[in-house]
$ cat model-v7.pdb   # PDB, C-alpha atoms
ATOM      1  CA  MET A  52       6.120   5.819  42.337  1.00  0.00           C
ATOM      2  CA  ARG A  53       7.045   2.285  43.252  1.00  0.00           C
ATOM      3  CA  TYR A  54       6.654  -0.094  40.370  1.00  0.00           C
ATOM      4  CA  THR A  55       4.995  -3.480  40.892  1.00  0.00           C
ATOM      5  CA  PHE A  56       4.475  -4.246  37.207  1.00  0.00           C
ATOM      6  CA  CYS A  57       6.687  -3.465  34.223  1.00  0.00           C
ATOM      7  CA  PRO A  58       5.542  -0.194  32.591  1.00  0.00           C
ATOM      8  CA  ASP A  59       6.511  -1.610  29.168  1.00  0.00           C
ATOM      9  CA  CYS A  60       5.174  -5.179  29.088  1.00  0.00           C
ATOM     10  CA  GLY A  61       2.973  -5.386  32.193  1.00  0.00           C
ATOM     11  CA  GLN A  62       4.746  -8.399  33.712  1.00  0.00           C
ATOM     12  CA  ARG A  63       5.003  -8.518  37.525  1.00  0.00           C
ATOM     13  CA  LEU A  64       8.440  -7.335  38.615  1.00  0.00           C
ATOM     14  CA  THR A  65      10.806  -9.450  40.691  1.00  0.00           C
ATOM     15  CA  SER A  66      13.838  -8.312  42.675  1.00  0.00           C
ATOM     16  CA  ARG A  67      17.367  -8.749  41.415  1.00  0.00           C
ATOM     17  CA  PRO A  68      20.716  -7.547  42.784  1.00  0.00           C
ATOM     18  CA  LEU A  69      22.228  -4.882  40.556  1.00  0.00           C
ATOM     19  CA  GLY A  70      25.773  -3.747  41.348  1.00  0.00           C
ATOM     20  CA  ASP A  71      25.964  -1.306  44.229  1.00  0.00           C
ATOM     21  CA  GLU A  72      22.217  -0.561  43.961  1.00  0.00           C
ATOM     22  CA  GLY A  73      21.319  -3.682  45.937  1.00  0.00           C
ATOM     23  CA  LEU A  74      17.981  -5.345  45.144  1.00  0.00           C
ATOM     24  CA  VAL A  75      16.039  -3.504  42.457  1.00  0.00           C
ATOM     25  CA  PRO A  76      12.692  -4.163  40.759  1.00  0.00           C
ATOM     26  CA  TRP A  77      13.466  -6.261  37.666  1.00  0.00           C
ATOM     27  CA  CYS A  78      11.423  -7.280  34.625  1.00  0.00           C
ATOM     28  CA  GLU A  79      12.287 -10.791  33.494  1.00  0.00           C
ATOM     29  CA  GLY A  80      10.453 -10.207  30.184  1.00  0.00           C
ATOM     30  CA  CYS A  81      12.291  -7.018  29.220  1.00  0.00           C
ATOM     31  CA  GLN A  82      15.483  -7.910  31.083  1.00  0.00           C
ATOM     32  CA  ARG A  83      15.802  -4.485  32.652  1.00  0.00           C
ATOM     33  CA  PRO A  84      15.545  -2.748  36.027  1.00  0.00           C
ATOM     34  CA  TRP A  85      12.811  -0.282  36.971  1.00  0.00           C
ATOM     35  CA  PHE A  86      13.893   2.291  39.514  1.00  0.00           C
ATOM     36  CA  ASP A  87      11.322   4.139  41.606  1.00  0.00           C
ATOM     37  CA  SER A  88      10.268   7.390  39.963  1.00  0.00           C
ATOM     38  CA  PHE A  89       9.373  10.750  41.468  1.00  0.00           C
ATOM     39  CA  SER A  90       8.104  14.131  40.356  1.00  0.00           C
ATOM     40  CA  THR A  91      10.533  17.015  39.996  1.00  0.00           C
ATOM     41  CA  CYS A  92       9.333  20.377  41.286  1.00  0.00           C
ATOM     42  CA  ILE A  93      10.717  23.839  41.881  1.00  0.00           C
ATOM     43  CA  ILE A  94      10.374  26.014  44.935  1.00  0.00           C
ATOM     44  CA  ALA A  95      11.412  29.653  44.737  1.00  0.00           C
ATOM     45  CA  ALA A  96      11.983  32.428  47.223  1.00  0.00           C
ATOM     46  CA  VAL A  97      11.028  35.552  45.244  1.00  0.00           C
ATOM     47  CA  MET A  98      12.937  38.585  46.523  1.00  0.00           C
ATOM     48  CA  ASN A  99      12.489  42.301  45.812  1.00  0.00           C
ATOM     49  CA  ALA A 100      15.107  45.084  45.711  1.00  0.00           C
ATOM     50  CA  LYS A 101      14.618  45.713  49.458  1.00  0.00           C
ATOM     51  CA  GLY A 102      15.695  42.136  50.224  1.00  0.00           C
ATOM     52  CA  GLU A 103      12.161  41.111  51.183  1.00  0.00           C
ATOM     53  CA  VAL A 104      10.751  37.703  50.310  1.00  0.00           C
ATOM     54  CA  LEU A 105       7.258  37.012  48.987  1.00  0.00           C
ATOM     55  CA  LEU A 106       5.027  34.697  51.026  1.00  0.00           C
ATOM     56  CA  GLN A 107       1.705  33.426  49.694  1.00  0.00           C
ATOM     57  CA  ARG A 108      -1.416  31.759  51.021  1.00  0.00           C
ATOM     58  CA  GLU A 109      -3.003  29.140  48.796  1.00  0.00           C
ATOM     59  CA  THR A 110      -6.556  27.866  48.553  1.00  0.00           C
ATOM     60  CA  ARG A 111      -5.559  24.301  49.441  1.00  0.00           C
ATOM     61  CA  ARG A 112      -3.841  25.377  52.682  1.00  0.00           C
ATOM     62  CA  PRO A 113      -5.150  28.823  53.643  1.00  0.00           C
ATOM     63  CA  ASP A 114      -3.813  28.465  57.188  1.00  0.00           C
ATOM     64  CA  ARG A 115      -0.125  28.513  56.184  1.00  0.00           C
ATOM     65  CA  GLU A 116       2.176  30.696  54.155  1.00  0.00           C
ATOM     66  CA  VAL A 117       4.329  29.220  51.409  1.00  0.00           C
ATOM     67  CA  LEU A 118       6.822  30.100  48.697  1.00  0.00           C
ATOM     68  CA  VAL A 119       6.152  29.873  44.976  1.00  0.00           C
ATOM     69  CA  ALA A 120       6.321  26.208  43.962  1.00  0.00           C
ATOM     70  CA  GLY A 121       5.164  23.907  41.222  1.00  0.00           C
ATOM     71  CA  TYR A 122       5.815  20.902  39.022  1.00  0.00           C
ATOM     72  CA  MET A 123       8.222  20.895  36.116  1.00  0.00           C
ATOM     73  CA  LYS A 124       6.709  20.081  32.737  1.00  0.00           C
ATOM     74  CA  PRO A 125       8.279  17.549  30.337  1.00  0.00           C
ATOM     75  CA  GLY A 126      10.988  19.212  28.257  1.00  0.00           C
ATOM     76  CA  GLU A 127      11.248  22.180  30.620  1.00  0.00           C
ATOM     77  CA  SER A 128      14.464  23.133  32.415  1.00  0.00           C
ATOM     78  CA  ALA A 129      14.328  23.781  36.145  1.00  0.00           C
ATOM     79  CA  GLU A 130      15.114  27.460  35.518  1.00  0.00           C
ATOM     80  CA  ASP A 131      12.308  27.776  32.961  1.00  0.00           C
ATOM     81  CA  ALA A 132       9.905  26.060  35.370  1.00  0.00           C
ATOM     82  CA  ALA A 133      10.879  28.490  38.141  1.00  0.00           C
ATOM     83  CA  ARG A 134      10.346  31.519  35.883  1.00  0.00           C
ATOM     84  CA  ARG A 135       7.011  30.132  34.644  1.00  0.00           C
ATOM     85  CA  GLU A 136       5.704  29.353  38.147  1.00  0.00           C
ATOM     86  CA  ILE A 137       6.755  32.785  39.429  1.00  0.00           C
ATOM     87  CA  ALA A 138       4.941  34.477  36.539  1.00  0.00           C
ATOM     88  CA  GLU A 139       1.838  32.275  36.912  1.00  0.00           C
ATOM     89  CA  GLU A 140       1.510  32.653  40.673  1.00  0.00           C
ATOM     90  CA  THR A 141       2.632  36.266  41.131  1.00  0.00           C
ATOM     91  CA  GLY A 142       2.417  38.047  37.786  1.00  0.00           C
ATOM     92  CA  LEU A 143       6.085  39.016  38.246  1.00  0.00           C
ATOM     93  CA  SER A 144       9.002  38.383  35.880  1.00  0.00           C
ATOM     94  CA  ALA A 145      12.143  37.034  37.488  1.00  0.00           C
ATOM     95  CA  THR A 146      15.065  39.329  36.612  1.00  0.00           C
ATOM     96  CA  SER A 147      17.624  36.964  38.129  1.00  0.00           C
ATOM     97  CA  LEU A 148      17.550  33.377  39.278  1.00  0.00           C
ATOM     98  CA  ARG A 149      20.027  31.478  41.460  1.00  0.00           C
ATOM     99  CA  TYR A 150      19.966  27.794  42.355  1.00  0.00           C
ATOM    100  CA  VAL A 151      20.010  27.218  46.134  1.00  0.00           C
ATOM    101  CA  ALA A 152      19.813  23.437  46.750  1.00  0.00           C
ATOM    102  CA  SER A 153      17.748  20.322  46.168  1.00  0.00           C
ATOM    103  CA  TYR A 154      15.392  18.887  48.768  1.00  0.00           C
ATOM    104  CA  PRO A 155      13.795  15.432  48.795  1.00  0.00           C
ATOM    105  CA  HIS A 156      10.118  15.657  49.733  1.00  0.00           C
ATOM    106  CA  MET A 157       9.272  12.103  50.687  1.00  0.00           C
ATOM    107  CA  ASP A 158       5.630  12.768  51.629  1.00  0.00           C
ATOM    108  CA  GLY A 159       4.914  13.911  48.092  1.00  0.00           C
ATOM    109  CA  ASN A 160       7.415  11.577  46.393  1.00  0.00           C
ATOM    110  CA  GLN A 161       9.065  14.662  44.907  1.00  0.00           C
ATOM    111  CA  LEU A 162      12.447  16.238  44.413  1.00  0.00           C
ATOM    112  CA  MET A 163      12.211  19.987  45.064  1.00  0.00           C
ATOM    113  CA  LEU A 164      14.809  22.189  43.355  1.00  0.00           C
ATOM    114  CA  GLY A 165      15.197  25.397  45.351  1.00  0.00           C
ATOM    115  CA  PHE A 166      15.845  28.801  43.794  1.00  0.00           C
ATOM    116  CA  CYS A 167      16.256  32.401  44.861  1.00  0.00           C
ATOM    117  CA  ALA A 168      14.750  34.809  42.335  1.00  0.00           C
ATOM    118  CA  THR A 169      14.733  38.578  42.117  1.00  0.00           C
ATOM    119  CA  ALA A 170      11.623  40.254  40.734  1.00  0.00           C
ATOM    120  CA  GLU A 171      10.185  43.759  40.725  1.00  0.00           C
ATOM    121  CA  GLY A 172       6.721  45.209  40.440  1.00  0.00           C
ATOM    122  CA  ASN A 173       3.365  44.656  42.022  1.00  0.00           C
ATOM    123  CA  VAL A 174       2.107  41.172  42.678  1.00  0.00           C
ATOM    124  CA  GLN A 175      -0.847  40.515  40.398  1.00  0.00           C
ATOM    125  CA  SER A 176      -1.715  36.864  40.585  1.00  0.00           C
ATOM    126  CA  SER A 177      -4.322  35.430  38.282  1.00  0.00           C
ATOM    127  CA  ALA A 178      -3.690  31.927  39.604  1.00  0.00           C
ATOM    128  CA  SER A 179      -6.816  30.483  41.168  1.00  0.00           C
ATOM    129  CA  GLU A 180      -4.751  28.678  43.806  1.00  0.00           C
ATOM    130  CA  VAL A 181      -3.290  31.888  45.325  1.00  0.00           C
ATOM    131  CA  LEU A 182      -5.405  33.666  47.959  1.00  0.00           C
ATOM    132  CA  SER A 183      -2.990  36.393  49.045  1.00  0.00           C
ATOM    133  CA  ALA A 184       0.650  37.444  49.008  1.00  0.00           C
ATOM    134  CA  ARG A 185       2.833  39.711  51.128  1.00  0.00           C
ATOM    135  CA  TRP A 186       6.444  40.885  51.258  1.00  0.00           C
ATOM    136  CA  CYS A 187       8.387  40.347  54.492  1.00  0.00           C
ATOM    137  CA  THR A 188      11.945  40.193  55.781  1.00  0.00           C
ATOM    138  CA  LEU A 189      13.879  36.932  55.655  1.00  0.00           C
ATOM    139  CA  ASP A 190      13.716  36.700  59.460  1.00  0.00           C
ATOM    140  CA  GLU A 191       9.934  37.195  59.398  1.00  0.00           C
ATOM    141  CA  ALA A 192       9.642  34.537  56.688  1.00  0.00           C
ATOM    142  CA  VAL A 193      11.632  32.009  58.723  1.00  0.00           C
ATOM    143  CA  GLN A 194       9.183  32.558  61.595  1.00  0.00           C
ATOM    144  CA  ALA A 195       6.076  32.500  59.385  1.00  0.00           C
ATOM    145  CA  LEU A 196       6.901  29.357  57.410  1.00  0.00           C
ATOM    146  CA  ARG A 197       6.130  25.930  58.848  1.00  0.00           C
ATOM    147  CA  ALA A 198       9.016  24.753  61.017  1.00  0.00           C
ATOM    148  CA  GLY A 199      11.223  22.277  59.191  1.00  0.00           C
ATOM    149  CA  SER A 200       9.446  22.809  55.873  1.00  0.00           C
ATOM    150  CA  ILE A 201      11.375  22.931  52.626  1.00  0.00           C
ATOM    151  CA  ALA A 202      10.227  26.544  52.208  1.00  0.00           C
ATOM    152  CA  GLN A 203      11.760  27.433  55.558  1.00  0.00           C
ATOM    153  CA  GLN A 204      14.986  25.597  54.628  1.00  0.00           C
ATOM    154  CA  VAL A 205      15.250  27.557  51.358  1.00  0.00           C
ATOM    155  CA  VAL A 206      14.772  30.900  53.126  1.00  0.00           C
ATOM    156  CA  MET A 207      17.265  29.966  55.852  1.00  0.00           C
ATOM    157  CA  ALA A 208      19.853  28.982  53.195  1.00  0.00           C
ATOM    158  CA  ILE A 209      19.391  32.354  51.472  1.00  0.00           C
ATOM    159  CA  ARG A 210      19.583  34.243  54.774  1.00  0.00           C
ATOM    160  CA  ASN A 211      22.767  32.369  55.738  1.00  0.00           C
ATOM    161  CA  ASP A 212      24.404  33.232  52.369  1.00  0.00           C
ATOM    162  CA  GLN A 213      23.903  36.981  52.864  1.00  0.00           C
TER     163      GLN A 213
END

$ encode --input "model-v7.pdb" --output "structure tokens"
Amino acid sequence: MRYTFCPDCGQRLTSRPLGDEGLVPWCEGCQRPWFDSFSTCIIAAVMNAKGEVLLQRETRRPDREVLVAGYMKPGESAEDAARREIAEETGLSATSLRYVASYPHMDGNQLMLGFCATAEGNVQSSASEVLSARWCTLDEAVQALRAGSIAQQVVMAIRNDQ
């Protein structure tokens, strides 16, 4: 989010040089800078014991396959958010969780924190946004995911680490 007005006092922001940050939005009333804000999200490649990754189709984009992803809630760690989203979207419990990398998602004004999770059992999603899910190899997932997408980057990073 790009601020035009001060979130505290409502005064229109000006620009002011601030150290090595360059020009930043500044509130003359509060005498403080306001940096652009963004949403923090997780994206997780859920793996089974066979080394397969779970791909899903969602109601909002039924034409493409995706990884488990979602927004972090206030007061929630990234790891807790990943476990929660995996459970909500798949019905699975993550038995292990490993951080992969962070990915700026400029279209959505988000920072995506990528994880690799291990989970066992049958996928039983009660989430209304999930249409279907399937297990596939990492190579199949790279081909199935949208080229250049963050999901594809996460899977490629995991594949390259093995």

$ resolve_selection --input "model-v7.pdb" --expression "the PyMOL selection byres ((chain A and resi 140-142) around 6)" --output "count of residues only"
9

$ residues_around --input "model-v7.pdb" --residues "A:Glu79" --least-positions-apart "5" --cutoff "12 Å" --atoms "only C-alpha atoms" --output "ChimeraX atom specification"
/A:56-57,59-67,84-85

$ closest_atom_pairs --input "model-v7.pdb" --of "stretch 157-179 of chain A" --to "stretch 104-107 of chain A" --cutoff "10 Å" --atoms "only C-alpha atoms" --output "JSON lines"
{"residue": "A:Cys167", "atom": "CA", "partner": "A:Val104", "partner_atom": "CA", "distance": 9.4}
{"residue": "A:Ala168", "atom": "CA", "partner": "A:Val104", "partner_atom": "CA", "distance": 9.4}
{"residue": "A:Thr169", "atom": "CA", "partner": "A:Val104", "partner_atom": "CA", "distance": 9.2}
{"residue": "A:Ala170", "atom": "CA", "partner": "A:Leu105", "partner_atom": "CA", "distance": 9.9}
{"residue": "A:Val174", "atom": "CA", "partner": "A:Leu105", "partner_atom": "CA", "distance": 9.1}

$ write_last_selection --input "model-v7.pdb" --atoms "C-alpha atoms" --output "PDB file, keeping the file's coordinate frame"
ATOM      1  CA  CYS A 167      16.256  32.401  44.861  1.00  0.00           C
ATOM      2  CA  ALA A 168      14.750  34.809  42.335  1.00  0.00           C
ATOM      3  CA  THR A 169      14.733  38.578  42.117  1.00  0.00           C
ATOM      4  CA  ALA A 170      11.623  40.254  40.734  1.00  0.00           C
ATOM      5  CA  VAL A 174       2.107  41.172  42.678  1.00  0.00           C
TER       6      VAL A 174
END

$ residues_near_point --input "model-v7.pdb" --point "(14.1, 21.5, 44.1)" --cutoff "7 Å" --atoms "only C-alpha atoms" --output "ChimeraX atom specification"
/A:92-94,152-154,162-165

$ resolve_selection --input "model-v7.pdb" --expression "the PyMOL selection byres ((chain A and resi 200) around 12)" --output "mmCIF file with C-alpha atoms, in the coordinates of the input"
data_model
loop_
_atom_site.group_PDB
_atom_site.id
_atom_site.type_symbol
_atom_site.label_atom_id
_atom_site.label_comp_id
_atom_site.auth_asym_id
_atom_site.auth_seq_id
_atom_site.Cartn_x
_atom_site.Cartn_y
_atom_site.Cartn_z
ATOM 1 C CA ILE A 94 10.374 26.014 44.935
ATOM 2 C CA ARG A 115 -0.125 28.513 56.184
ATOM 3 C CA GLU A 116 2.176 30.696 54.155
ATOM 4 C CA VAL A 117 4.329 29.220 51.409
ATOM 5 C CA LEU A 118 6.822 30.100 48.697
ATOM 6 C CA TYR A 154 15.392 18.887 48.768
ATOM 7 C CA PRO A 155 13.795 15.432 48.795
ATOM 8 C CA HIS A 156 10.118 15.657 49.733
ATOM 9 C CA MET A 157 9.272 12.103 50.687
ATOM 10 C CA ASP A 158 5.630 12.768 51.629
ATOM 11 C CA MET A 163 12.211 19.987 45.064
ATOM 12 C CA ALA A 192 9.642 34.537 56.688
ATOM 13 C CA VAL A 193 11.632 32.009 58.723
ATOM 14 C CA GLN A 194 9.183 32.558 61.595
ATOM 15 C CA ALA A 195 6.076 32.500 59.385
ATOM 16 C CA LEU A 196 6.901 29.357 57.410
ATOM 17 C CA ARG A 197 6.130 25.930 58.848
ATOM 18 C CA ALA A 198 9.016 24.753 61.017
ATOM 19 C CA GLY A 199 11.223 22.277 59.191
ATOM 20 C CA ILE A 201 11.375 22.931 52.626
ATOM 21 C CA ALA A 202 10.227 26.544 52.208
ATOM 22 C CA GLN A 203 11.760 27.433 55.558
ATOM 23 C CA GLN A 204 14.986 25.597 54.628
ATOM 24 C CA VAL A 205 15.250 27.557 51.358
ATOM 25 C CA VAL A 206 14.772 30.900 53.126
ATOM 26 C CA MET A 207 17.265 29.966 55.852
#

$ closest_residue --input "model-v7.pdb" --among "A:Gly172, A:Pro68, A:Gly121, A:Pro113" --to "A:Arg135" --atoms "only C-alpha atoms"
A:Gly121

$ atom_distance --input "model-v7.pdb" --atom1 "atom CA of A:Ser183" --atom2 "atom CA of A:Pro125"
28.8 Å

$ build_atoms --input "model-v7.pdb" --residues "stretch 157-182 of chain A" --atoms "N, CA and C atoms" --output "PDB file, in the frame of the given file"
ATOM      1  N   MET A 157       9.700  13.499  50.697  1.00  0.00           N
ATOM      2  CA  MET A 157       9.272  12.103  50.687  1.00  0.00           C
ATOM      3  C   MET A 157       7.758  11.959  50.794  1.00  0.00           C
ATOM      4  N   ASP A 158       7.087  12.858  51.507  1.00  0.00           N
ATOM      5  CA  ASP A 158       5.630  12.768  51.629  1.00  0.00           C
ATOM      6  C   ASP A 158       4.957  12.873  50.273  1.00  0.00           C
ATOM      7  N   GLY A 159       5.504  13.715  49.410  1.00  0.00           N
ATOM      8  CA  GLY A 159       4.914  13.911  48.092  1.00  0.00           C
ATOM      9  C   GLY A 159       5.622  13.137  46.999  1.00  0.00           C
ATOM     10  N   ASN A 160       6.636  12.323  47.366  1.00  0.00           N
ATOM     11  CA  ASN A 160       7.415  11.577  46.393  1.00  0.00           C
ATOM     12  C   ASN A 160       7.953  12.526  45.323  1.00  0.00           C
ATOM     13  N   GLN A 161       8.587  13.612  45.795  1.00  0.00           N
ATOM     14  CA  GLN A 161       9.065  14.662  44.907  1.00  0.00           C
ATOM     15  C   GLN A 161      10.503  15.035  45.222  1.00  0.00           C
ATOM     16  N   LEU A 162      11.161  15.584  44.224  1.00  0.00           N
ATOM     17  CA  LEU A 162      12.447  16.238  44.413  1.00  0.00           C
ATOM     18  C   LEU A 162      12.204  17.718  44.154  1.00  0.00           C
ATOM     19  N   MET A 163      12.423  18.541  45.164  1.00  0.00           N
ATOM     20  CA  MET A 163      12.211  19.987  45.064  1.00  0.00           C
ATOM     21  C   MET A 163      13.555  20.652  44.776  1.00  0.00           C
ATOM     22  N   LEU A 164      13.613  21.443  43.706  1.00  0.00           N
ATOM     23  CA  LEU A 164      14.809  22.189  43.355  1.00  0.00           C
ATOM     24  C   LEU A 164      14.592  23.635  43.787  1.00  0.00           C
ATOM     25  N   GLY A 165      15.389  24.087  44.755  1.00  0.00           N
ATOM     26  CA  GLY A 165      15.197  25.397  45.351  1.00  0.00           C
ATOM     27  C   GLY A 165      15.935  26.496  44.616  1.00  0.00           C
ATOM     28  N   PHE A 166      15.272  27.637  44.463  1.00  0.00           N
ATOM     29  CA  PHE A 166      15.845  28.801  43.794  1.00  0.00           C
ATOM     30  C   PHE A 166      15.602  30.056  44.613  1.00  0.00           C
ATOM     31  N   CYS A 167      16.465  31.045  44.384  1.00  0.00           N
ATOM     32  CA  CYS A 167      16.256  32.401  44.861  1.00  0.00           C
ATOM     33  C   CYS A 167      16.117  33.252  43.609  1.00  0.00           C
ATOM     34  N   ALA A 168      15.012  33.977  43.505  1.00  0.00           N
ATOM     35  CA  ALA A 168      14.750  34.809  42.335  1.00  0.00           C
ATOM     36  C   ALA A 168      14.600  36.256  42.769  1.00  0.00           C
ATOM     37  N   THR A 169      14.974  37.159  41.894  1.00  0.00           N
ATOM     38  CA  THR A 169      14.733  38.578  42.117  1.00  0.00           C
ATOM     39  C   THR A 169      13.672  39.015  41.122  1.00  0.00           C
ATOM     40  N   ALA A 170      12.702  39.760  41.600  1.00  0.00           N
ATOM     41  CA  ALA A 170      11.623  40.254  40.734  1.00  0.00           C
ATOM     42  C   ALA A 170      11.174  41.611  41.253  1.00  0.00           C
ATOM     43  N   GLU A 171      10.663  42.426  40.370  1.00  0.00           N
ATOM     44  CA  GLU A 171      10.185  43.759  40.725  1.00  0.00           C
ATOM     45  C   GLU A 171       8.755  43.940  40.249  1.00  0.00           C
ATOM     46  N   GLY A 172       8.077  44.877  40.857  1.00  0.00           N
ATOM     47  CA  GLY A 172       6.721  45.209  40.440  1.00  0.00           C
ATOM     48  C   GLY A 172       5.708  44.838  41.496  1.00  0.00           C
ATOM     49  N   ASN A 173       4.460  44.980  41.122  1.00  0.00           N
ATOM     50  CA  ASN A 173       3.365  44.656  42.022  1.00  0.00           C
ATOM     51  C   ASN A 173       2.868  43.245  41.748  1.00  0.00           C
ATOM     52  N   VAL A 174       2.620  42.530  42.808  1.00  0.00           N
ATOM     53  CA  VAL A 174       2.107  41.172  42.678  1.00  0.00           C
ATOM     54  C   VAL A 174       0.687  41.246  42.126  1.00  0.00           C
ATOM     55  N   GLN A 175       0.469  40.551  41.030  1.00  0.00           N
ATOM     56  CA  GLN A 175      -0.847  40.515  40.398  1.00  0.00           C
ATOM     57  C   GLN A 175      -1.123  39.091  39.955  1.00  0.00           C
ATOM     58  N   SER A 176      -1.495  38.271  40.882  1.00  0.00           N
ATOM     59  CA  SER A 176      -1.715  36.864  40.585  1.00  0.00           C
ATOM     60  C   SER A 176      -3.081  36.642  39.951  1.00  0.00           C
ATOM     61  N   SER A 177      -3.063  35.869  38.881  1.00  0.00           N
ATOM     62  CA  SER A 177      -4.322  35.430  38.282  1.00  0.00           C
ATOM     63  C   SER A 177      -4.536  33.942  38.554  1.00  0.00           C
ATOM     64  N   ALA A 178      -3.591  33.353  39.289  1.00  0.00           N
ATOM     65  CA  ALA A 178      -3.690  31.927  39.604  1.00  0.00           C
ATOM     66  C   ALA A 178      -4.816  31.692  40.601  1.00  0.00           C
ATOM     67  N   SER A 179      -5.673  30.763  40.295  1.00  0.00           N
ATOM     68  CA  SER A 179      -6.816  30.483  41.168  1.00  0.00           C
ATOM     69  C   SER A 179      -6.397  29.869  42.496  1.00  0.00           C
ATOM     70  N   GLU A 180      -5.175  29.313  42.554  1.00  0.00           N
ATOM     71  CA  GLU A 180      -4.751  28.678  43.806  1.00  0.00           C
ATOM     72  C   GLU A 180      -4.185  29.664  44.821  1.00  0.00           C
ATOM     73  N   VAL A 181      -3.892  30.911  44.423  1.00  0.00           N
ATOM     74  CA  VAL A 181      -3.290  31.888  45.325  1.00  0.00           C
ATOM     75  C   VAL A 181      -4.374  32.791  45.915  1.00  0.00           C
ATOM     76  N   LEU A 182      -4.445  32.811  47.257  1.00  0.00           N
ATOM     77  CA  LEU A 182      -5.405  33.666  47.959  1.00  0.00           C
ATOM     78  C   LEU A 182      -4.847  35.058  48.230  1.00  0.00           C
TER      79      LEU A 182
END
